[in-house]
Each structure stands twice: as C-alpha cells, then as structure tokens.
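Text of the file query-v2.csv, holding CSV, C-alpha atoms:
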```csv
chain,number,residue,atom,x,y,z
N,1,MET,CA,0.0,0.0,0.0
N,2,SER,CA,1.4,3.4,-1.0
N,3,THR,CA,1.1,6.4,1.2
N,4,SER,CA,0.4,9.9,-0.1
N,5,LEU,CA,2.1,13.1,0.9
N,6,ASP,CA,0.0,16.2,1.2
N,7,VAL,CA,1.5,19.7,0.8
N,8,GLU,CA,0.0,23.2,0.4
N,9,SER,CA,0.9,26.5,-1.1
N,10,THR,CA,-0.7,29.9,-1.0
N,11,LEU,CA,-2.1,31.9,-3.9
N,12,THR,CA,-0.9,35.5,-4.2
N,13,ASP,CA,-3.2,38.4,-5.1
N,14,ARG,CA,-2.2,37.8,-8.7
N,15,TYR,CA,-3.3,34.1,-8.5
N,16,GLN,CA,0.3,32.9,-8.5
N,17,THR,CA,1.9,30.3,-6.3
N,18,THR,CA,5.3,28.7,-5.6
N,19,VAL,CA,5.4,24.9,-6.3
N,20,PRO,CA,6.6,23.4,-3.0
N,21,GLU,CA,10.0,21.8,-3.0
N,22,THR,CA,8.6,18.4,-2.3
N,23,VAL,CA,6.5,18.6,-5.4
N,24,ARG,CA,9.4,20.0,-7.5
N,25,ARG,CA,11.5,17.0,-6.5
N,26,ALA,CA,8.8,14.5,-7.1
N,27,LEU,CA,8.2,15.8,-10.6
N,28,ARG,CA,11.9,16.5,-11.2
N,29,LEU,CA,11.1,20.1,-12.2
N,30,GLY,CA,13.6,22.7,-13.0
N,31,LYS,CA,13.3,26.4,-13.8
N,32,ARG,CA,11.1,27.1,-16.9
N,33,ASP,CA,9.8,23.6,-17.0
N,34,LYS,CA,6.1,23.4,-18.0
N,35,LEU,CA,3.3,21.9,-15.9
N,36,HIS,CA,0.3,20.0,-17.0
N,37,TYR,CA,-3.1,20.1,-15.2
N,38,SER,CA,-5.7,17.4,-15.6
N,39,ILE,CA,-9.1,18.5,-14.3
N,40,ARG,CA,-11.3,15.6,-13.4
N,41,PRO,CA,-15.1,15.6,-13.3
N,42,THR,CA,-15.0,15.4,-9.5
N,43,GLY,CA,-13.2,18.7,-9.4
N,44,GLU,CA,-9.9,17.1,-8.5
N,45,VAL,CA,-6.9,18.5,-10.3
N,46,VAL,CA,-3.8,16.4,-11.0
N,47,LEU,CA,-0.6,18.2,-11.6
N,48,THR,CA,2.2,16.6,-13.6
N,49,ARG,CA,5.2,17.6,-15.5
N,50,ALA,CA,4.3,18.4,-19.1
N,51,LYS,CA,5.8,16.0,-21.6
N,52,THR,CA,8.3,17.5,-24.0
N,53,LEU,CA,7.9,16.7,-27.7
N,54,GLU,CA,10.5,14.6,-29.4
N,55,GLY,CA,13.0,16.9,-30.9
N,56,ASP,CA,12.5,19.6,-28.3
N,57,ASP,CA,15.9,21.0,-27.2
N,58,PRO,CA,15.8,22.2,-23.6
N,59,VAL,CA,19.0,24.3,-24.1
N,60,LEU,CA,17.6,25.9,-27.2
N,61,ASP,CA,14.3,26.5,-25.5
N,62,GLN,CA,16.1,28.2,-22.6
N,63,PHE,CA,18.1,30.4,-25.1
N,64,LEU,CA,15.0,31.4,-27.0
N,65,ASN,CA,13.2,32.2,-23.8
N,66,PHE,CA,16.1,34.3,-22.8
N,67,LEU,CA,16.0,36.2,-26.1
N,68,ALA,CA,12.3,36.7,-25.8
N,69,ARG,CA,12.6,38.2,-22.3
N,70,ASP,CA,15.5,40.4,-23.3
N,71,ILE,CA,13.7,41.7,-26.4
N,72,ALA,CA,10.6,42.4,-24.3
N,73,SER,CA,12.7,44.1,-21.5
N,74,HIS,CA,15.0,46.1,-23.8
N,75,PRO,CA,13.4,46.7,-27.3
N,76,GLU,CA,15.8,49.7,-27.7
N,77,ARG,CA,18.6,47.2,-28.2
N,78,LEU,CA,17.2,45.8,-31.4
N,79,GLN,CA,19.1,46.8,-34.5
N,80,ILE,CA,18.3,46.6,-38.2
N,81,VAL,CA,20.4,44.2,-40.2
N,82,ASP,CA,21.9,46.4,-42.9
N,83,ALA,CA,22.4,45.3,-46.5
N,84,SER,CA,26.2,45.1,-46.2
N,85,LEU,CA,25.9,42.4,-43.5
N,86,VAL,CA,23.5,40.5,-45.6
N,87,GLN,CA,25.8,40.7,-48.6
N,88,ARG,CA,28.8,39.5,-46.5
N,89,LEU,CA,26.8,36.5,-45.2
N,90,GLU,CA,25.7,35.7,-48.7
N,91,SER,CA,29.3,35.8,-49.9
N,92,LEU,CA,30.3,33.3,-47.2
N,93,VAL,CA,27.5,30.8,-47.5
N,94,GLY,CA,25.6,31.7,-50.7
N,95,GLY,CA,26.8,28.7,-52.7
N,96,ILE,CA,26.3,26.1,-50.0
N,97,ASN,CA,23.2,23.8,-50.3
N,98,VAL,CA,21.9,22.4,-47.0
N,99,ASP,CA,19.3,19.7,-46.7
N,100,LEU,CA,17.8,20.2,-43.2
N,101,ASP,CA,16.0,16.8,-43.4
N,102,ILE,CA,19.2,14.8,-43.5
N,103,ALA,CA,20.3,13.4,-40.1
N,104,LEU,CA,23.8,14.4,-38.9
N,105,SER,CA,26.2,11.7,-38.2
N,106,ALA,CA,29.7,11.5,-36.6
N,107,ASP,CA,31.1,10.2,-39.9
N,108,ASP,CA,30.5,13.6,-41.6
N,109,GLU,CA,33.4,15.2,-39.7
```

Conversion result in structure tokens:
Amino acid sequence: MSTSLDVESTLTDRYQTTVPETVRRALRLGKRDKLHYSIRPTGEVVLTRAKTLEGDDPVLDQFLNFLARDIASHPERLQIVDASLVQRLESLVGGINVDLDIALSADDE
C-alpha cells in the first residue's frame, strides 16, 4: 500500500503560487519547465510535469526564452540588419546547399 504526501501552497493576489520543494523534487522540475493540469469531473486537479515533444531541445528553449525576455525588456537594443551584412553573409554561405532533413552523423566530420 502506498502512502500519499499532502503539501500546500498559497495563492498571491495575482493568483500565482510557488510549487513546493517536495512537489518539484517528485516531478523533477527545473526552472522554466512546464506543468500539465488534468481536471477531473469530480473537481480534483492532477498536476504533472508536461511532456516534451520529441526533438525539443531544452537548451535551445532556454536560449529562445532568454532572447524573448531580453527583447521584451529592452526593445531599444534591437538593430536593423543592414544590406552590407546580408551581402557579407551571402558571400560566405551563398553557394552552399543544406538539406535540413538529412540526419547528422559522426562520420561527416
């Protein structure tokens, strides 16, 4: 017979809460992880860690989230890409064909 552990947290005025440490450990949650809520007909809510899709890259997700926060916080830092930079990039990679559907392998080094 398994036993359950009950924990509580408090909602703020903005309806936010901190996930208690015991729950974070049980679900192996880290910063920026997503949560999934299942609401049952009885009114019971089951909280689980959201499944990541195959191919999701947690490092890339964290980087993109960082960029999104930085852009939102400091829109004045955005700069227009000028034509000379585009021409320079084109001169470096313009003739290279890349098939994004081909898997990378260690043999391609």

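Nearest to Val7 in chain N of all the residues N:Leu92, N:Val19, N:Leu64, N:Val86 is N:Val19, counting only C-alpha atoms.
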
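When CA of Ile80 in chain N is paired with CA of Phe66 in chain N, their separation reads 19.8 Å.
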
One decimal, in Å: what's the spacing between CA of Asp6 in chain N and CA of Val46 in chain N?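 If I compute the distance from CA of Asp6 in chain N to CA of Val46 in chain N, I get 12.8 Å.
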
Gap from CA of Thr42 in chain N to CA of Thr12 in chain N - Å, one decimal: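 So the answer is 25.1 Å.
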
Closest of N:Lys34, N:His74, N:Glu8, N:Leu60 to Thr22 in chain N - atom-to-atom distances counting only C-alpha atoms: N:Glu8

Find the residue from N:Val45, N:Ala50, N:Leu11, N:Leu67 that sits nearest to Gly30 in chain N; use all atoms listed in the file when measuring.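 Checking each candidate against Gly30 in chain N, we get N:Ala50 as the closest.
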
Distance query 10 Å from (10.5, 22.1, -15.5) using only C-alpha atoms, result as a VMD selection string: chain N and resid 24 27 to 35 49 to 52 58
